[in-house]
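Read the structure below first, then the notes.
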2 protein chains.
Amino acid sequence: VEKQKEVIGSLVTIGDELLLGDIPNGNAHYIASTLRSAGFRLRRMTTVGDVEEEIIETLVRHLDQSDFLIGTGGLGPTEDDRTLGAVSKGFDVPLVPNADYRSWLEKYMAERGRAWSDEAEKMTMLPDGAAKLGVGMAGFSIVLRGKPCYFLPGVPHEMRILMDEWVLPDLKRRFPYRPVYVKIILRVQGLPESEIGKRLKELASEESGVGIGYLPQTGENWVSLFAAGESEGDAKGRLQSVMERVISRLGSEVISGQNEEGLERVIGRQLREKGWKLAAAESCTGGLLSRRITAIAGASDYFDRAFVTYSNQAKMELLGVSEAMLRAHGAVSEAVAKAMAAGARARAGVDVAVAITGIAGPSGGSPQKPVGTVFIGCESPLASVVERYFFTGDREWIQEKAAQAALVLLWRILGKK
Amino acid sequence: VEKQKEVIGSLVTIGDELLLGDIPNGNAHYIASTLRSAGFRLRRMTTVGDVEEEIIETLVRHLDQSDFLIGTGGLGPTEDDRTLGAVSKGFDVPLVPNADYRSWLEKYMAERGRAWSDEAEKMTMLPDGAAKLGVGMAGFSIVLRGKPCYFLPGVPHEMRILMDEWVLPDLKRRFPYRPVYVKIILRVQGLPESEIGKRLKELASEESGVGIGYLPQTGENWVSLFAAGESEGDAKGRLQSVMERVISRLGSEVISGQNEEGLERVIGRQLREKGWKLAAAESCTGGLLSRRITAIAGASDYFDRAFVTYSNQAKMELLGVSEAMLRAHGAVSEAVAKAMAAGARARAGVDVAVAITGIAGPSGGSPQKPVGTVFIGCESPLASVVERYFFTGDREWIQEKAAQAALVLLWRILGKK
């Protein structure tokens, strides 16, 4: 049996827009985490601009130090797309037309009544020996200096499809003997990072071979556990034993889920188990809570509707909040949050309703109710609750934190026995 | 007068958590855009792990190719913080205790009842000749090989303070004669990237000194124009003249806004100008459209409410869509999109209403109406429209594209004379 060894790649992200700070490099984040989950590591990630010599130098040097290479960006039809030329010159491979892709593109453009062009012609050229990846988008793989290289479009959605469906399967086939990396993220609610760090300090400094990391998120904290092993059983076993100790030190009641299991997913499971339906009433979050809930496939099983009652008129008409109450307490108040939740529950005819009303700013604050004041109400067979929060930050940050707090409140209430 | 020349730096971000994809590299984005606005450029950004030799090699090579260097991360007190050692070894500078920082840290820890430790001792060491940056956090500057270098903590909040208050002022002082950079992003609707590239091809290859870039986004394309000049007037003048030619080649009617001016902002302005109110009815997008509209401060001036009618029951009760129509056409149909928009407009008593109904998937598709089928209706004094779309991609991507298409439709209709 071939001996296991670490398989270590390099990532080169190409584009002036990254160097100029126009957009964050989300692709690098996705590629790094996807590779890691499949047992591959990156030695280095480098961003270069749309300059052929820079791209060539970076590709050549990174490939020499790696088992494989992934490049993103610079594959489009326009003048500032330099990746094809760089691969061709840097590794001395001529560009040749790709017949399959050409016929696909001809058909695609003809169907849309678009004339063939130099740009289209450029899109059909690939380095000699390259294999096209995917359909209807740029991207190819090629073996250079004996090592697999993958060049993906910079468009995040297309890059992701090609990573998941082409790059990872190919890498797995080429490098079957690699260590297993196991990683678990515990999502912690209601404990500050410093308190988590204090409780886990001794565990973190032990030589367990399990790495413990702290990643603060919006309104929740993540604790990451990471182990490498010769087999999944080995790595998982060690990770499991550290995880149990982490959970016992933090308290299982503060952990809402693991890995991708965000609160919107956990709440969906809780509602499904109870056979309950949910409705939301949102003011300052303007649909954000509802959007998070409905981002989960199958949400229609338990989510009925949301009333985004931005105006007072809407709060009265859709939720039955009285004008007298709005006048006496103001739209951002405990009474109105409660009335919104009760109105949503009754009018939608659901089991549980959650309501958010607050001041996201930048204007609208007062000394008594500063920007960031948010009331969250929840009406359910288990509890009738209104909570008051003071969030800091800009408008979007306050909206995000308010939606998160509503999910935390729902999760707590639905978890009651 | 000293002649102006471009000042070009390199950025090295250090940390296993970046290479493993645990967190996105937000620091790189912030540093790149901050530098650019102040007239500095980056040649390259590289991320390396917590491995001393890797850090040394990367720092040395990047510094040789740059006028200045910024490093982030690896400055903490723990074992995996390797930046200090790498600077010391890589550039042959001994580490010496920093008296000022030591006395500050002693006082800080004593006040908190914490005993002096090896970790604290490590924190007070700096390369010989370095200057401490900031108070109460890691970070220093040092001239290496005649070039200014700045090493900042990886904690985003601390990094930002040091960038704004120390690094930028120091760079400006050291490089007073640098060009002015001006950048404008044009947001283009309804033209594919290849068509944009074709129309701008000649402009892009002219020696105007204005760089033209293409950035495809979700449902829209961005054209970026970038100019460097000796003065703001010079750079802006050249950029302006190229921009006018870009706009005339693309057609002013396809350009919805510039820079941060997303469609949700433009629509807000259009509605405000007309003194109109807007309501939304959303099914498959579950509140996303409403969330985008209400992310803009002041949206309450023109946005009244949204009906997130996820269930058929909600469509009937809140929007007056008839059961017969739902049975005859299905919830995802031209008729229902039109009825939802008309219902939202009438029930909210607003001037304009937009409605989205579709199949975001992954389930719920059929041969006649595959996943990705979306109908968008708009009712207004200017037009009554329903459009049908077929989007590809996963659930979230389809939802994003549908919300974007609704904003494009609104923008078109509100722009009618």
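In the structure tokens, the first chain shown is A, the next is B, and so on; residue numbers restart at 1 for each chain, and ligands run from 1 in the order shown.
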Who sits within 9 Å of region 240-253 of chain A, only C-alpha atoms, same chain under 4 positions skipped, as an NGL selection string: :A and (184 or 186 or 188-189 or 191 or 196 or 199-200 or 203 or 208 or 210 or 225 or 235-236)
Just all heavy atoms for this one: save the residues we selected as a CSV table (one decimal), in the first residue's frame.
```csv
chain,number,residue,atom,x,y,z
A,184,ILE,N,-14.7,20.0,13.4
A,184,ILE,CA,-16.1,20.3,13.8
A,184,ILE,C,-16.1,21.7,14.4
A,184,ILE,O,-15.2,22.1,15.1
A,184,ILE,CB,-16.6,19.3,14.9
A,184,ILE,CG1,-16.9,17.9,14.2
A,184,ILE,CG2,-17.8,19.8,15.6
A,184,ILE,CD1,-17.5,16.9,15.1
A,186,LEU,N,-18.4,24.1,16.7
A,186,LEU,CA,-19.5,24.1,17.6
A,186,LEU,C,-20.1,25.5,17.7
A,186,LEU,O,-19.3,26.5,17.9
A,186,LEU,CB,-19.1,23.7,19.0
A,186,LEU,CG,-18.6,22.3,19.2
A,186,LEU,CD1,-18.0,22.0,20.6
A,186,LEU,CD2,-19.7,21.3,18.9
A,188,VAL,N,-21.9,28.3,19.5
A,188,VAL,CA,-22.2,28.6,20.9
A,188,VAL,C,-23.0,29.9,21.0
A,188,VAL,O,-22.7,30.9,20.4
A,188,VAL,CB,-20.8,28.8,21.7
A,188,VAL,CG1,-21.1,29.1,23.2
A,188,VAL,CG2,-20.0,27.6,21.5
A,189,GLN,N,-24.1,29.8,21.8
A,189,GLN,CA,-25.0,31.0,22.0
A,189,GLN,C,-24.9,31.5,23.4
A,189,GLN,O,-24.9,30.7,24.4
A,189,GLN,CB,-26.4,30.5,21.8
A,189,GLN,CG,-26.7,29.8,20.4
A,189,GLN,CD,-26.5,30.7,19.2
A,189,GLN,OE1,-26.4,32.0,19.4
A,189,GLN,NE2,-26.2,30.1,18.1
A,191,LEU,N,-22.5,33.0,25.2
A,191,LEU,CA,-21.2,33.1,26.0
A,191,LEU,C,-20.3,34.0,25.3
A,191,LEU,O,-20.0,33.7,24.1
A,191,LEU,CB,-20.6,31.7,26.2
A,191,LEU,CG,-21.1,30.8,27.3
A,191,LEU,CD1,-20.1,29.6,27.4
A,191,LEU,CD2,-21.1,31.4,28.6
A,196,ILE,N,-15.5,31.8,26.9
A,196,ILE,CA,-15.2,30.5,26.3
A,196,ILE,C,-13.7,30.2,26.4
A,196,ILE,O,-13.3,29.1,26.8
A,196,ILE,CB,-15.6,30.6,24.8
A,196,ILE,CG1,-17.2,30.8,24.7
A,196,ILE,CG2,-15.2,29.3,24.1
A,196,ILE,CD1,-17.7,31.0,23.3
A,199,ARG,N,-12.7,29.1,29.9
A,199,ARG,CA,-13.1,27.8,30.2
A,199,ARG,C,-12.4,26.7,29.5
A,199,ARG,O,-12.3,25.5,30.0
A,199,ARG,CB,-14.6,27.6,29.9
A,199,ARG,CG,-15.5,28.5,30.8
A,199,ARG,CD,-16.9,28.0,30.8
A,199,ARG,NE,-17.8,29.0,31.3
A,199,ARG,CZ,-19.1,28.9,31.3
A,199,ARG,NH1,-19.7,27.8,30.8
A,199,ARG,NH2,-19.9,29.9,31.8
A,200,LEU,N,-11.9,27.0,28.3
A,200,LEU,CA,-11.2,26.0,27.5
A,200,LEU,C,-9.7,26.1,27.5
A,200,LEU,O,-9.0,25.3,26.8
A,200,LEU,CB,-11.7,26.0,26.1
A,200,LEU,CG,-13.2,25.9,25.8
A,200,LEU,CD1,-13.5,25.8,24.4
A,200,LEU,CD2,-13.7,24.6,26.5
A,203,LEU,N,-7.7,22.8,28.2
A,203,LEU,CA,-7.9,21.9,27.1
A,203,LEU,C,-7.0,22.3,25.9
A,203,LEU,O,-6.4,21.5,25.2
A,203,LEU,CB,-9.3,21.9,26.7
A,203,LEU,CG,-10.3,21.0,27.4
A,203,LEU,CD1,-11.7,21.1,26.7
A,203,LEU,CD2,-9.8,19.5,27.3
A,208,SER,N,-3.2,17.0,22.9
A,208,SER,CA,-4.2,16.0,22.4
A,208,SER,C,-4.1,15.8,20.9
A,208,SER,O,-4.8,14.9,20.4
A,208,SER,CB,-5.6,16.5,22.8
A,208,SER,OG,-5.9,17.7,22.1
A,210,VAL,N,-5.4,17.7,19.0
A,210,VAL,CA,-6.7,18.4,18.5
A,210,VAL,C,-6.5,19.9,18.6
A,210,VAL,O,-6.3,20.4,19.8
A,210,VAL,CB,-7.9,17.8,19.2
A,210,VAL,CG1,-9.2,18.5,18.7
A,210,VAL,CG2,-8.0,16.3,19.0
A,225,LEU,N,-12.8,22.6,16.3
A,225,LEU,CA,-11.9,21.5,16.7
A,225,LEU,C,-11.4,20.9,15.4
A,225,LEU,O,-12.1,20.6,14.5
A,225,LEU,CB,-12.7,20.5,17.5
A,225,LEU,CG,-13.4,21.1,18.8
A,225,LEU,CD1,-14.3,20.1,19.4
A,225,LEU,CD2,-12.4,21.6,19.7
A,235,ALA,N,-8.8,9.9,13.6
A,235,ALA,CA,-9.0,11.4,13.7
A,235,ALA,C,-10.3,11.7,14.5
A,235,ALA,O,-10.3,12.5,15.4
A,235,ALA,CB,-9.0,12.1,12.4
A,236,LYS,N,-11.4,11.0,14.1
A,236,LYS,CA,-12.6,11.3,14.7
A,236,LYS,C,-12.7,10.9,16.2
A,236,LYS,O,-13.3,11.6,17.0
A,236,LYS,CB,-13.8,10.5,14.0
A,236,LYS,CG,-14.3,11.2,12.7
A,236,LYS,CD,-15.6,10.7,12.3
A,236,LYS,CE,-16.2,11.5,11.2
A,236,LYS,NZ,-17.1,10.8,10.3
```
DSSP alpha helix (DSSP H) residues within region 19-161 of chain B, listed as a ChimeraX atom specification: /B:19,26-37,52-64,83-90,99-111,118-123,156-161
Within 6 Å of chain A: residues of chain B, using only C-alpha atoms, as a ChimeraX atom specification: /B:19-21,24,29,32-33,36,42,44-48,197,286-288,290-291,294,304-311
Could those residues be written to a file, using N, CA, C and O atoms, as a JSON list (two decimals), in the first residue's frame?
```json
[["chain", "number", "residue", "atom", "x", "y", "z"],
["B", 19, "LEU", "N", -5.51, 29.72, 5.66],
["B", 19, "LEU", "CA", -5.21, 28.65, 4.70],
["B", 19, "LEU", "C", -6.19, 27.49, 4.83],
["B", 19, "LEU", "O", -6.43, 26.77, 3.87],
["B", 20, "LEU", "N", -6.72, 27.29, 6.03],
["B", 20, "LEU", "CA", -7.66, 26.19, 6.25],
["B", 20, "LEU", "C", -9.09, 26.62, 5.91],
["B", 20, "LEU", "O", -10.02, 25.82, 5.97],
["B", 21, "GLY", "N", -9.27, 27.90, 5.56],
["B", 21, "GLY", "CA", -10.60, 28.35, 5.17],
["B", 21, "GLY", "C", -11.55, 28.53, 6.33],
["B", 21, "GLY", "O", -12.76, 28.54, 6.16],
["B", 24, "PRO", "N", -12.86, 34.09, 6.28],
["B", 24, "PRO", "CA", -12.46, 34.83, 5.08],
["B", 24, "PRO", "C", -11.39, 35.86, 5.46],
["B", 24, "PRO", "O", -11.30, 36.27, 6.61],
["B", 29, "HIS", "N", -8.92, 42.59, 2.28],
["B", 29, "HIS", "CA", -9.86, 43.46, 1.58],
["B", 29, "HIS", "C", -9.78, 44.89, 2.14],
["B", 29, "HIS", "O", -9.69, 45.86, 1.39],
["B", 32, "ALA", "N", -6.32, 46.55, 1.27],
["B", 32, "ALA", "CA", -6.20, 46.89, -0.16],
["B", 32, "ALA", "C", -7.02, 48.13, -0.50],
["B", 32, "ALA", "O", -6.54, 49.04, -1.18],
["B", 33, "SER", "N", -8.27, 48.18, -0.02],
["B", 33, "SER", "CA", -9.09, 49.32, -0.41],
["B", 33, "SER", "C", -8.65, 50.60, 0.30],
["B", 33, "SER", "O", -8.70, 51.68, -0.27],
["B", 36, "ARG", "N", -5.57, 51.87, -1.58],
["B", 36, "ARG", "CA", -5.92, 52.39, -2.90],
["B", 36, "ARG", "C", -6.49, 53.82, -2.78],
["B", 36, "ARG", "O", -6.09, 54.71, -3.54],
["B", 42, "LEU", "N", -1.10, 47.78, -4.37],
["B", 42, "LEU", "CA", -0.47, 46.51, -3.97],
["B", 42, "LEU", "C", -0.08, 45.75, -5.22],
["B", 42, "LEU", "O", -0.84, 45.70, -6.19],
["B", 44, "ARG", "N", 0.91, 42.54, -4.84],
["B", 44, "ARG", "CA", 0.63, 41.16, -4.55],
["B", 44, "ARG", "C", 0.15, 41.01, -3.12],
["B", 44, "ARG", "O", 0.56, 41.75, -2.25],
["B", 45, "MET", "N", -0.74, 40.05, -2.89],
["B", 45, "MET", "CA", -1.15, 39.70, -1.53],
["B", 45, "MET", "C", -0.94, 38.21, -1.36],
["B", 45, "MET", "O", -1.45, 37.43, -2.19],
["B", 46, "THR", "N", -0.22, 37.81, -0.35],
["B", 46, "THR", "CA", 0.01, 36.38, -0.14],
["B", 46, "THR", "C", -0.38, 35.98, 1.27],
["B", 46, "THR", "O", -0.12, 36.71, 2.22],
["B", 47, "THR", "N", -1.02, 34.82, 1.38],
["B", 47, "THR", "CA", -1.34, 34.26, 2.68],
["B", 47, "THR", "C", -0.45, 33.04, 2.93],
["B", 47, "THR", "O", -0.36, 32.16, 2.06],
["B", 48, "VAL", "N", 0.22, 33.03, 4.07],
["B", 48, "VAL", "CA", 1.01, 31.85, 4.45],
["B", 48, "VAL", "C", 0.56, 31.37, 5.81],
["B", 48, "VAL", "O", -0.06, 32.13, 6.58],
["B", 197, "GLY", "N", -17.76, 43.70, -23.43],
["B", 197, "GLY", "CA", -16.36, 43.64, -23.85],
["B", 197, "GLY", "C", -16.21, 43.99, -25.32],
["B", 197, "GLY", "O", -15.28, 44.69, -25.71],
["B", 286, "GLY", "N", -38.90, 34.79, -0.27],
["B", 286, "GLY", "CA", -39.05, 34.73, 1.18],
["B", 286, "GLY", "C", -38.63, 35.96, 1.98],
["B", 286, "GLY", "O", -38.25, 35.81, 3.14],
["B", 287, "GLY", "N", -38.66, 37.14, 1.38],
["B", 287, "GLY", "CA", -38.30, 38.34, 2.14],
["B", 287, "GLY", "C", -37.00, 38.97, 1.68],
["B", 287, "GLY", "O", -36.62, 40.05, 2.13],
["B", 288, "LEU", "N", -36.31, 38.30, 0.75],
["B", 288, "LEU", "CA", -35.00, 38.80, 0.30],
["B", 288, "LEU", "C", -35.11, 40.15, -0.41],
["B", 288, "LEU", "O", -34.31, 41.05, -0.19],
["B", 290, "SER", "N", -37.46, 42.42, -0.05],
["B", 290, "SER", "CA", -37.80, 43.40, 0.97],
["B", 290, "SER", "C", -36.58, 43.73, 1.82],
["B", 290, "SER", "O", -36.33, 44.88, 2.17],
["B", 291, "ARG", "N", -35.78, 42.73, 2.14],
["B", 291, "ARG", "CA", -34.58, 42.93, 2.93],
["B", 291, "ARG", "C", -33.60, 43.85, 2.19],
["B", 291, "ARG", "O", -32.98, 44.71, 2.78],
["B", 294, "THR", "N", -34.96, 47.43, 2.32],
["B", 294, "THR", "CA", -34.91, 48.06, 3.65],
["B", 294, "THR", "C", -33.51, 48.11, 4.23],
["B", 294, "THR", "O", -33.32, 48.62, 5.33],
["B", 304, "ASP", "N", -43.55, 50.70, 2.11],
["B", 304, "ASP", "CA", -44.63, 50.58, 3.08],
["B", 304, "ASP", "C", -44.66, 49.23, 3.77],
["B", 304, "ASP", "O", -44.70, 49.14, 4.99],
["B", 305, "ARG", "N", -44.63, 48.18, 3.00],
["B", 305, "ARG", "CA", -44.72, 46.83, 3.60],
["B", 305, "ARG", "C", -44.42, 45.75, 2.57],
["B", 305, "ARG", "O", -44.42, 46.01, 1.37],
["B", 306, "ALA", "N", -44.16, 44.56, 3.09],
["B", 306, "ALA", "CA", -44.06, 43.39, 2.22],
["B", 306, "ALA", "C", -44.93, 42.27, 2.77],
["B", 306, "ALA", "O", -45.06, 42.11, 3.98],
["B", 307, "PHE", "N", -45.54, 41.55, 1.85],
["B", 307, "PHE", "CA", -46.31, 40.36, 2.19],
["B", 307, "PHE", "C", -45.46, 39.15, 1.79],
["B", 307, "PHE", "O", -45.31, 38.90, 0.59],
["B", 308, "VAL", "N", -44.88, 38.47, 2.76],
["B", 308, "VAL", "CA", -44.12, 37.27, 2.41],
["B", 308, "VAL", "C", -45.09, 36.10, 2.48],
["B", 308, "VAL", "O", -45.29, 35.47, 3.52],
["B", 309, "THR", "N", -45.75, 35.84, 1.36],
["B", 309, "THR", "CA", -46.83, 34.85, 1.32],
["B", 309, "THR", "C", -46.27, 33.52, 0.84],
["B", 309, "THR", "O", -46.35, 33.17, -0.32],
["B", 310, "TYR", "N", -45.66, 32.82, 1.80],
["B", 310, "TYR", "CA", -44.99, 31.58, 1.46],
["B", 310, "TYR", "C", -46.00, 30.47, 1.16],
["B", 310, "TYR", "O", -45.84, 29.72, 0.22],
["B", 311, "SER", "N", -47.07, 30.42, 1.94],
["B", 311, "SER", "CA", -48.09, 29.38, 1.71],
["B", 311, "SER", "C", -49.17, 29.91, 0.77],
["B", 311, "SER", "O", -49.36, 31.11, 0.62]]
```
Residues within 12 Å of Glu232 (chain B), only C-alpha atoms, excluding chain neighbours under 6 positions, as number ranges by chain: B: 37-39, 178-183, 238-240
Selected residue of minimal separation from Leu133 (chain A) among A:Val167, A:Met109, A:Val371, A:Leu84, counting only C-alpha atoms: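 So, comparing all the options, the nearest one is A:Val167.
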Filtered DSSP result for region 113-250 of chain A, state strand (DSSP E), as an MDAnalysis selection string: chainID A and resid 125:127 131:132 140:144 147:152 180:188 210:216 221:229
Nearby residues (only C-alpha atoms) at most 7 Å from Ile142 (chain A), same-chain spacing under 6 positions excluded, as a PyMOL selection string: chain A and resi 129-131+148-150
Near-Val386 (chain A) list (10 Å; only C-alpha atoms; drop same-chain fewer than 2 positions) as a list in words: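 Within the cut-off, the hits are Ser333, Glu334, Ala335, Val336, Ala337, Lys338, Ala341, Val354, Ala355, Ile356, Phe375, Ile376, Gly377, Cys378, Glu379, Ala383, Ser384, Arg388 and Leu409 of chain A.
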